[in-house]
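S.K.: Pasting a structure below so you can have a look.
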Amino acid sequence: MDPAEYEKMFRVEDTHWWFAGKRRLVGVLLDSLPVQPARKILDIGCGTGGMFLLLRGYGCLYGVDASELATGLSARRQLANLGRAAPPYLPFASASFDLVSLFDVLYHRQVGDDQPLVGGAAAEAR
């Protein structure tokens, strides 16, 4: 992604209608989950951390992104444990998390084949 876009996203994602609407929709879905105070959440492709405040309300939050610039910006929010990684190569053991989010990642042009990630997640859910 263009580095200037990360900077722009970081500036607007707390108030822009797209990001605010996405948080509201995701919040409705997460509110339907059973309460689990010790829930571990992984946000893959966390970008600049726009979903962190919402997700943190549902458990202990971890975020990963391939971009050093993105994780640097998301670190300024001080809401998640952060690392650099990209699917399908994640530095976590299978079943390390209770909830995994993947917002606006699979459509990204740098993800040439989503099957290793989607197929693997579907197989583990069975």
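Residue numbering restarts at 1 in every chain; chains get A, B, ... in the order shown in the structure tokens, and ligands count up from 1 in that same order.
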Give me, as a list in words, the residues of range 49-100 of chain A that a backbone DSSP run labels alpha helix (DSSP H).
M.R.: Phe52, Leu53, Leu54, Leu55, Arg56, Glu68, Leu69, Ala70, Thr71, Gly72, Leu73, Ser74 and Ala75 of chain A
S.K.: Could you write out the selected residues, including all heavy atoms, as a compact mmCIF listing (two decimals), in the first residue's frame?
M.R.:
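part.txt, written as the output of this step:
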# COMPACT_ATOMS: atom_id res chain seq x y z
N PHE A 52 -8.90 -1.26 16.86
CA PHE A 52 -8.39 -1.66 18.17
C PHE A 52 -9.30 -1.29 19.33
O PHE A 52 -9.52 -2.09 20.23
CB PHE A 52 -7.00 -1.07 18.42
CG PHE A 52 -5.90 -1.73 17.66
CD1 PHE A 52 -4.61 -1.24 17.76
CD2 PHE A 52 -6.11 -2.83 16.85
CE1 PHE A 52 -3.56 -1.84 17.08
CE2 PHE A 52 -5.07 -3.44 16.16
CZ PHE A 52 -3.80 -2.93 16.28
N LEU A 53 -9.79 -0.07 19.37
CA LEU A 53 -10.60 0.35 20.50
C LEU A 53 -11.83 -0.53 20.64
O LEU A 53 -12.18 -0.96 21.74
CB LEU A 53 -11.00 1.83 20.38
CG LEU A 53 -11.66 2.43 21.61
CD1 LEU A 53 -10.76 2.31 22.84
CD2 LEU A 53 -12.00 3.90 21.36
N LEU A 54 -12.47 -0.84 19.53
CA LEU A 54 -13.63 -1.73 19.56
C LEU A 54 -13.22 -3.13 19.99
O LEU A 54 -13.78 -3.69 20.94
CB LEU A 54 -14.29 -1.80 18.18
CG LEU A 54 -15.39 -2.87 18.07
CD1 LEU A 54 -16.65 -2.43 18.79
CD2 LEU A 54 -15.67 -3.20 16.63
N LEU A 55 -12.25 -3.72 19.33
CA LEU A 55 -11.86 -5.10 19.61
C LEU A 55 -11.35 -5.28 21.03
O LEU A 55 -11.60 -6.31 21.66
CB LEU A 55 -10.80 -5.56 18.61
CG LEU A 55 -11.27 -5.71 17.17
CD1 LEU A 55 -10.08 -5.98 16.25
CD2 LEU A 55 -12.31 -6.81 17.04
N ARG A 56 -10.66 -4.30 21.54
CA ARG A 56 -10.10 -4.41 22.89
C ARG A 56 -11.20 -4.58 23.94
O ARG A 56 -10.98 -5.16 25.00
CB ARG A 56 -9.26 -3.19 23.20
CG ARG A 56 -8.50 -3.34 24.49
CD ARG A 56 -7.47 -2.29 24.62
NE ARG A 56 -6.71 -2.53 25.84
CZ ARG A 56 -6.14 -1.60 26.53
NH1 ARG A 56 -6.23 -0.34 26.14
NH2 ARG A 56 -5.47 -1.87 27.62
N GLU A 68 5.71 -2.08 8.25
CA GLU A 68 6.34 -1.46 9.41
C GLU A 68 5.72 -0.09 9.69
O GLU A 68 5.52 0.28 10.85
CB GLU A 68 7.85 -1.32 9.16
CG GLU A 68 8.60 -0.78 10.35
CD GLU A 68 10.10 -0.77 10.11
OE1 GLU A 68 10.57 -1.16 9.03
OE2 GLU A 68 10.81 -0.36 11.04
N LEU A 69 5.39 0.64 8.65
CA LEU A 69 4.76 1.95 8.82
C LEU A 69 3.40 1.80 9.50
O LEU A 69 3.07 2.52 10.45
CB LEU A 69 4.59 2.65 7.47
CG LEU A 69 3.87 4.00 7.49
CD1 LEU A 69 4.55 4.99 8.43
CD2 LEU A 69 3.77 4.57 6.08
N ALA A 70 2.61 0.84 9.05
CA ALA A 70 1.28 0.62 9.64
C ALA A 70 1.39 0.23 11.11
O ALA A 70 0.68 0.79 11.96
CB ALA A 70 0.53 -0.46 8.87
N THR A 71 2.26 -0.70 11.45
CA THR A 71 2.37 -1.11 12.85
C THR A 71 2.94 0.02 13.70
O THR A 71 2.60 0.15 14.87
CB THR A 71 3.21 -2.39 13.03
OG1 THR A 71 4.48 -2.22 12.42
CG2 THR A 71 2.50 -3.59 12.44
N GLY A 72 3.80 0.86 13.11
CA GLY A 72 4.30 2.02 13.84
C GLY A 72 3.19 2.99 14.19
O GLY A 72 3.12 3.50 15.31
N LEU A 73 2.30 3.22 13.23
CA LEU A 73 1.15 4.10 13.50
C LEU A 73 0.19 3.47 14.50
O LEU A 73 -0.30 4.14 15.42
CB LEU A 73 0.43 4.44 12.19
CG LEU A 73 1.21 5.36 11.24
CD1 LEU A 73 0.57 5.37 9.86
CD2 LEU A 73 1.29 6.77 11.81
N SER A 74 -0.08 2.18 14.35
CA SER A 74 -1.01 1.53 15.29
C SER A 74 -0.43 1.47 16.69
O SER A 74 -1.17 1.52 17.67
CB SER A 74 -1.41 0.14 14.78
OG SER A 74 -0.30 -0.70 14.66
N ALA A 75 0.88 1.42 16.82
CA ALA A 75 1.51 1.41 18.15
C ALA A 75 1.24 2.71 18.89
O ALA A 75 1.18 2.72 20.13
CB ALA A 75 3.02 1.19 18.02
S.K.: Using DSSP on the backbone coordinates, identify all residues within range 13-70 of chain A classified as strand (DSSP E); present the result as a tab-separated table (two decimals) with N, CA, C and O atoms, in the first residue's frame.
M.R.:
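The new file out_25.tsv reads:
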chain	number	residue	atom	x	y	z
A	40	LYS	N	-8.68	-14.14	23.81
A	40	LYS	CA	-7.52	-13.65	23.08
A	40	LYS	C	-7.94	-13.38	21.64
A	40	LYS	O	-8.49	-14.26	20.99
A	41	ILE	N	-7.68	-12.16	21.18
A	41	ILE	CA	-8.11	-11.72	19.85
A	41	ILE	C	-6.89	-11.37	19.01
A	41	ILE	O	-5.99	-10.66	19.47
A	42	LEU	N	-6.87	-11.85	17.77
A	42	LEU	CA	-5.83	-11.50	16.83
A	42	LEU	C	-6.44	-10.74	15.66
A	42	LEU	O	-7.35	-11.25	14.99
A	43	ASP	N	-5.95	-9.54	15.41
A	43	ASP	CA	-6.39	-8.74	14.27
A	43	ASP	C	-5.29	-8.82	13.21
A	43	ASP	O	-4.25	-8.17	13.32
A	44	ILE	N	-5.52	-9.65	12.19
A	44	ILE	CA	-4.55	-9.85	11.11
A	44	ILE	C	-4.71	-8.72	10.10
A	44	ILE	O	-5.81	-8.42	9.67
A	60	CYS	N	-8.25	-9.58	25.15
A	60	CYS	CA	-6.85	-9.17	25.07
A	60	CYS	C	-6.45	-9.16	23.59
A	60	CYS	O	-6.57	-10.17	22.91
A	61	LEU	N	-5.96	-8.03	23.12
A	61	LEU	CA	-5.81	-7.82	21.69
A	61	LEU	C	-4.36	-7.91	21.22
A	61	LEU	O	-3.46	-7.33	21.83
A	62	TYR	N	-4.19	-8.61	20.11
A	62	TYR	CA	-2.92	-8.71	19.40
A	62	TYR	C	-3.18	-8.29	17.97
A	62	TYR	O	-4.21	-8.63	17.40
A	63	GLY	N	-2.24	-7.56	17.38
A	63	GLY	CA	-2.37	-7.14	15.99
A	63	GLY	C	-1.10	-7.41	15.22
A	63	GLY	O	0.00	-7.24	15.76
A	64	VAL	N	-1.26	-7.83	13.98
A	64	VAL	CA	-0.11	-8.01	13.08
A	64	VAL	C	-0.40	-7.37	11.74
A	64	VAL	O	-1.56	-7.33	11.30
A	65	ASP	N	0.65	-6.86	11.13
A	65	ASP	CA	0.54	-6.30	9.79
A	65	ASP	C	1.90	-6.46	9.13
A	65	ASP	O	2.93	-6.50	9.80
S.K.: What lies within 10 Å of Asp104 in chain A using only C-alpha atoms, ignoring chain neighbours under 4 positions off, as a list in words?
M.R.: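 After dropping sequence-adjacent residues, the list is Ile44, Gly45, Cys46, Gly47 and His108 of chain A.
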S.K.: Based on the selection just made, write all heavy atoms of those residues as a PDB file, in the first residue's frame.
M.R.:
ATOM      1  N   ILE A  44      -5.516  -9.651  12.189  1.00  0.00           N
ATOM      2  CA  ILE A  44      -4.546  -9.849  11.112  1.00  0.00           C
ATOM      3  C   ILE A  44      -4.706  -8.719  10.097  1.00  0.00           C
ATOM      4  O   ILE A  44      -5.813  -8.423   9.669  1.00  0.00           O
ATOM      5  CB  ILE A  44      -4.764 -11.207  10.418  1.00  0.00           C
ATOM      6  CG1 ILE A  44      -4.591 -12.355  11.417  1.00  0.00           C
ATOM      7  CG2 ILE A  44      -3.821 -11.365   9.237  1.00  0.00           C
ATOM      8  CD1 ILE A  44      -4.967 -13.717  10.858  1.00  0.00           C
ATOM      9  N   GLY A  45      -3.605  -8.119   9.711  1.00  0.00           N
ATOM     10  CA  GLY A  45      -3.677  -6.989   8.790  1.00  0.00           C
ATOM     11  C   GLY A  45      -4.254  -5.782   9.488  1.00  0.00           C
ATOM     12  O   GLY A  45      -5.093  -5.076   8.936  1.00  0.00           O
ATOM     13  N   CYS A  46      -3.805  -5.547  10.712  1.00  0.00           N
ATOM     14  CA  CYS A  46      -4.413  -4.522  11.569  1.00  0.00           C
ATOM     15  C   CYS A  46      -4.249  -3.110  11.040  1.00  0.00           C
ATOM     16  O   CYS A  46      -4.928  -2.197  11.508  1.00  0.00           O
ATOM     17  CB  CYS A  46      -3.859  -4.619  12.980  1.00  0.00           C
ATOM     18  SG  CYS A  46      -2.091  -4.269  13.132  1.00  0.00           S
ATOM     19  N   GLY A  47      -3.371  -2.920  10.056  1.00  0.00           N
ATOM     20  CA  GLY A  47      -3.194  -1.582   9.503  1.00  0.00           C
ATOM     21  C   GLY A  47      -2.759  -0.599  10.571  1.00  0.00           C
ATOM     22  O   GLY A  47      -1.854  -0.878  11.351  1.00  0.00           O
ATOM     23  N   HIS A 108      -6.957  -7.537  -0.892  1.00  0.00           N
ATOM     24  CA  HIS A 108      -5.754  -6.766  -1.197  1.00  0.00           C
ATOM     25  C   HIS A 108      -4.985  -7.391  -2.355  1.00  0.00           C
ATOM     26  O   HIS A 108      -4.840  -8.608  -2.424  1.00  0.00           O
ATOM     27  CB  HIS A 108      -4.862  -6.692   0.046  1.00  0.00           C
ATOM     28  CG  HIS A 108      -3.867  -5.603   0.000  1.00  0.00           C
ATOM     29  ND1 HIS A 108      -2.722  -5.685  -0.756  1.00  0.00           N
ATOM     30  CD2 HIS A 108      -3.836  -4.396   0.605  1.00  0.00           C
ATOM     31  CE1 HIS A 108      -2.025  -4.579  -0.603  1.00  0.00           C
ATOM     32  NE2 HIS A 108      -2.665  -3.779   0.218  1.00  0.00           N
TER      33      HIS A 108
END
S.K.: Within 12 Å of Arg24 in chain A, counting only C-alpha atoms, which residues show up once you throw out same-chain ones fewer than 4 positions away? Write them as a list of chain:residue names, please.
M.R.: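 Near neighbours after the sequence-gap exclusion: A:Trp17, A:Trp18, A:Phe19, A:Ala20, A:Val28, A:Leu29, A:Leu30, A:Asp31, A:Met51, A:Leu53, A:Leu54, A:Leu55.
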S.K.: Find, counting only C-alpha atoms, the residue in A:Ser96, A:Ala66, A:Phe103, A:Asn81 that gets nearest to Met1 in chain A.
M.R.: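 Answer, going by the shortest atom-to-atom distance: A:Ala66.
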S.K.: From the options A:Gly49, A:Ala93, A:Val105, A:Pro3, which residue's atoms come nearest to Arg77 in chain A, counting only C-alpha atoms?
M.R.: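 Of A:Gly49, A:Ala93, A:Val105, A:Pro3, the one nearest Arg77 in chain A, counting only C-alpha atoms, is A:Gly49.
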S.K.: Contacts of Pro34 in chain A at 12 Å or less, counting only C-alpha atoms, minus same-chain residues fewer than 4 places along, as a list in words?
M.R.: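 Listed by chain and then number, they are Leu29, Leu30, Ala38, Arg39, Tyr58, Gly59, Asp98 and Leu99 of chain A.
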S.K.: Go ahead and write the residues just picked, N, CA and C atoms, as an mmCIF file, in the first residue's frame.
M.R.:
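Final output, out-v2.cif:
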data_model
loop_
_atom_site.group_PDB
_atom_site.id
_atom_site.type_symbol
_atom_site.label_atom_id
_atom_site.label_comp_id
_atom_site.auth_asym_id
_atom_site.auth_seq_id
_atom_site.Cartn_x
_atom_site.Cartn_y
_atom_site.Cartn_z
ATOM 1 N N LEU A 29 -22.071 -7.691 15.708
ATOM 2 C CA LEU A 29 -21.724 -9.118 15.622
ATOM 3 C C LEU A 29 -21.013 -9.598 16.888
ATOM 4 N N LEU A 30 -20.079 -8.820 17.377
ATOM 5 C CA LEU A 30 -19.333 -9.229 18.576
ATOM 6 C C LEU A 30 -20.216 -9.243 19.819
ATOM 7 N N ALA A 38 -11.410 -13.611 29.290
ATOM 8 C CA ALA A 38 -10.008 -13.888 28.966
ATOM 9 C C ALA A 38 -9.805 -14.166 27.476
ATOM 10 N N ARG A 39 -10.742 -13.752 26.653
ATOM 11 C CA ARG A 39 -10.669 -14.013 25.212
ATOM 12 C C ARG A 39 -9.403 -13.385 24.627
ATOM 13 N N TYR A 58 -13.480 -6.587 23.842
ATOM 14 C CA TYR A 58 -13.941 -7.977 23.826
ATOM 15 C C TYR A 58 -12.859 -8.974 24.243
ATOM 16 N N GLY A 59 -11.689 -8.480 24.618
ATOM 17 C CA GLY A 59 -10.638 -9.388 25.066
ATOM 18 C C GLY A 59 -9.262 -8.767 24.971
ATOM 19 N N ASP A 98 -8.862 -17.044 20.474
ATOM 20 C CA ASP A 98 -10.283 -17.370 20.546
ATOM 21 C C ASP A 98 -11.078 -16.688 19.438
ATOM 22 N N LEU A 99 -10.554 -15.575 18.949
ATOM 23 C CA LEU A 99 -11.228 -14.793 17.913
ATOM 24 C C LEU A 99 -10.157 -14.203 16.990
#
S.K.: Smallest atom-to-atom distance to Arg23 in chain A: which of A:Ala86, A:Leu79, A:Val35, A:Gly50, using only C-alpha atoms?
M.R.: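 Between A:Ala86, A:Leu79, A:Val35, A:Gly50, the residue approaching Arg23 in chain A most closely is A:Gly50.
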S.K.: Report the distance between CA of Leu33 in chain A and CA of Val100 in chain A in Å, rounded to one decimal place.
M.R.: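 Taking CA of Leu33 in chain A and CA of Val100 in chain A, their separation equals 13.2 Å.
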S.K.: Rounded to one decimal place, report the CA of Gly57 in chain A-CA of Leu82 in chain A distance in Å.
M.R.: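 Separation between CA of Gly57 in chain A and CA of Leu82 in chain A: 16.8 Å.
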S.K.: What does the structure give for the distance between CA of Ala95 in chain A and CA of Pro37 in chain A, in Å to one decimal?
M.R.: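 The value is 17.3 Å.
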S.K.: Of the candidates A:Gln78, A:Pro91, A:Thr48, A:Gln36, which one gets nearest to Glu7 in chain A if we count only C-alpha atoms?
M.R.: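 Closest residue, counting only C-alpha atoms: A:Thr48.
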